[in-house]
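Participant: Have a look at the structure that comes next, please.
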Amino acid sequence: MIVDTLENLGKYIALNPLFADVIEFMKTHDLSSLEPGKYPIKGTDLFLNVSHIKGKTKEAALMETHKNMLDIQIPLNTEETFGYTPLCDLPEVEYNAEKDASKYAIQAQTYFTCKPGQFALFFPQDGHTPCISDAELLKKVTFKVIV
């Protein structure tokens with residue numbers, strides 16, 4: 001897991017060659033003006049999900065992990081809190097291959113908050129609980145990157 005500011009995202013290009021495409025997309029698109037939905041960038045290897053949702057409580061939000069994708073999650077209009085638990089500390093649950101996700105109805109070991117202008121990057125070994133906010137409308141984007 002990595003938490004940093006968007007201005008530093010370029011420092012992580014060595015971690016995945018598709019990060020350069022993420023940065024290029026961000027330079028050529030106003031993320032805050034995109035309508036909710038899925039935006040393909042490089043087929044199924046790299047795409048963007050734009051979400052406008054009601055924030056959830058820590059108790060209502062579900063933890064998730066992915067096997068084949070990593071997430072770069074960016075809150076756009078308000079703070080977003082994330083839960084974190086390493087995969088090795090999570091119980092075995094059913095894996096949905098179509099959605100590349102396993103869901104867990106447990107509380108995270110730790111929590112942190114990102115402000116607009118920051119991002120959280122979650123690898124397959126990172127259990128994460130997104131969308132925790134008391135905002136009536138949480139606008140966020142999630143870049144999904146193949147690993």
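Residue numbering restarts at 1 for every chain of the structure tokens, chains are lettered A, B, ... in their displayed order, and ligands are numbered from 1 as they appear.
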With a distance cut-off of 12 Å and only C-alpha atoms, select the neighbouring residues of Asn96 in chain A, excluding the residue or stretch itself and same-chain residues fewer than 2 positions from it, and output the selection as a PDB file with N, CA and C atoms, in the first residue's frame.
Facilitator:
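The new file around20.pdb reads:
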ATOM      1  N   GLU A  64     -12.124  -5.381   0.769  1.00  0.00           N
ATOM      2  CA  GLU A  64     -11.966  -6.148  -0.472  1.00  0.00           C
ATOM      3  C   GLU A  64     -10.498  -6.374  -0.766  1.00  0.00           C
ATOM      4  N   THR A  65     -10.249  -7.410  -1.569  1.00  0.00           N
ATOM      5  CA  THR A  65      -8.922  -7.660  -2.131  1.00  0.00           C
ATOM      6  C   THR A  65      -9.113  -8.037  -3.593  1.00  0.00           C
ATOM      7  N   HIS A  66      -8.040  -7.918  -4.350  1.00  0.00           N
ATOM      8  CA  HIS A  66      -8.031  -8.284  -5.769  1.00  0.00           C
ATOM      9  C   HIS A  66      -6.816  -9.165  -6.015  1.00  0.00           C
ATOM     10  N   LYS A  67      -6.932 -10.098  -6.950  1.00  0.00           N
ATOM     11  CA  LYS A  67      -5.806 -10.970  -7.279  1.00  0.00           C
ATOM     12  C   LYS A  67      -5.018 -10.477  -8.490  1.00  0.00           C
ATOM     13  N   ASN A  68      -5.706  -9.864  -9.449  1.00  0.00           N
ATOM     14  CA  ASN A  68      -5.069  -9.545 -10.727  1.00  0.00           C
ATOM     15  C   ASN A  68      -4.911  -8.054 -11.016  1.00  0.00           C
ATOM     16  N   VAL A  93     -12.107 -16.381   1.907  1.00  0.00           N
ATOM     17  CA  VAL A  93     -13.494 -16.163   1.491  1.00  0.00           C
ATOM     18  C   VAL A  93     -13.595 -16.484   0.006  1.00  0.00           C
ATOM     19  N   GLU A  94     -14.807 -16.492  -0.496  1.00  0.00           N
ATOM     20  CA  GLU A  94     -15.041 -16.777  -1.910  1.00  0.00           C
ATOM     21  C   GLU A  94     -14.464 -15.656  -2.776  1.00  0.00           C
ATOM     22  N   GLU A  98     -14.888 -12.911 -12.024  1.00  0.00           N
ATOM     23  CA  GLU A  98     -15.414 -11.946 -12.990  1.00  0.00           C
ATOM     24  C   GLU A  98     -15.153 -10.509 -12.535  1.00  0.00           C
ATOM     25  N   LYS A  99     -15.289 -10.255 -11.243  1.00  0.00           N
ATOM     26  CA  LYS A  99     -15.066  -8.911 -10.699  1.00  0.00           C
ATOM     27  C   LYS A  99     -13.662  -8.756 -10.119  1.00  0.00           C
ATOM     28  N   ASP A 100     -12.872  -9.827 -10.144  1.00  0.00           N
ATOM     29  CA  ASP A 100     -11.549  -9.847  -9.524  1.00  0.00           C
ATOM     30  C   ASP A 100     -11.620  -9.279  -8.105  1.00  0.00           C
ATOM     31  N   ALA A 101     -12.497  -9.855  -7.302  1.00  0.00           N
ATOM     32  CA  ALA A 101     -12.664  -9.331  -5.949  1.00  0.00           C
ATOM     33  C   ALA A 101     -13.081 -10.414  -4.972  1.00  0.00           C
ATOM     34  N   SER A 102     -12.545 -10.287  -3.782  1.00  0.00           N
ATOM     35  CA  SER A 102     -13.028 -11.014  -2.618  1.00  0.00           C
ATOM     36  C   SER A 102     -13.516  -9.956  -1.640  1.00  0.00           C
ATOM     37  N   LYS A 103     -14.650 -10.203  -0.998  1.00  0.00           N
ATOM     38  CA  LYS A 103     -15.246  -9.247  -0.058  1.00  0.00           C
ATOM     39  C   LYS A 103     -15.237  -9.833   1.341  1.00  0.00           C
TER      40      LYS A 103
END
Participant: What's the 12 Å shell around Tyr12 in chain A, counting only C-alpha atoms, without same-chain residues fewer than 5 positions away, as a list of chain:residue names?
Facilitator: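 Near neighbours after the sequence-gap exclusion: A:Met1, A:Ile2, A:Val3, A:Asp4, A:Thr5, A:Leu6, A:Glu7, A:Pro17, A:Leu18, A:Phe19, A:Ala20, A:Val22, A:Ile23, A:Ile72, A:Leu121.
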Participant: Go through A:Ser133, A:Thr44, A:Asn49, A:Ser32 and flag the residue nearest Thr78 in chain A, using only C-alpha atoms for the distances.
Facilitator: A:Ser133
Participant: In Å, how far is it from CA of Ala120 in chain A to CA of Ile74 in chain A?
Facilitator: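 Computing it gives 6.7 Å between the two atoms.
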Participant: Just give me the gap between CA of Tyr39 in chain A and CA of Phe143 in chain A in Å, one decimal is fine.
Facilitator: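 Between CA of Tyr39 in chain A and CA of Phe143 in chain A the gap works out to 9.3 Å.
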Participant: List as a list in words the protein and nucleic acid residues near Asp71 in chain A, meaning an atom at most 7 Å away when only C-alpha atoms are counted, but skip any in the same chain fewer than 5 places from it.
Facilitator: Leu121, Phe122, Phe123, Thr142, Phe143, Lys144 and Val145 of chain A
Participant: Assign secondary structure with DSSP using the backbone only, and return the residues of range 1-146 of chain A in strand (DSSP E) as a PyMOL selection string.
Facilitator: chain A and resi 2-5+37-42+46-53+63-65+69-75+80-86+95-96+101-104+110-114+118-122+126-132+138-146
Participant: Counting only C-alpha atoms, what is within 10 Å of Ala105 in chain A, bar same-chain residues fewer than 2 positions away, as an NGL selection string?
Facilitator: :A and (59-64 or 103 or 107-108 or 129)
Participant: Figure out the distance between CA of Gly127 in chain A and CA of Gly83 in chain A, please, to one decimal in Å.
Facilitator: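 Going from CA of Gly83 in chain A over to CA of Gly127 in chain A, I get 8.0 Å.
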Participant: Of the residues A:Pro86, A:Ser51, A:Thr57, A:Ile106, which is the one nearest to Leu34 in chain A, using only C-alpha atoms?
Facilitator: A:Ser51
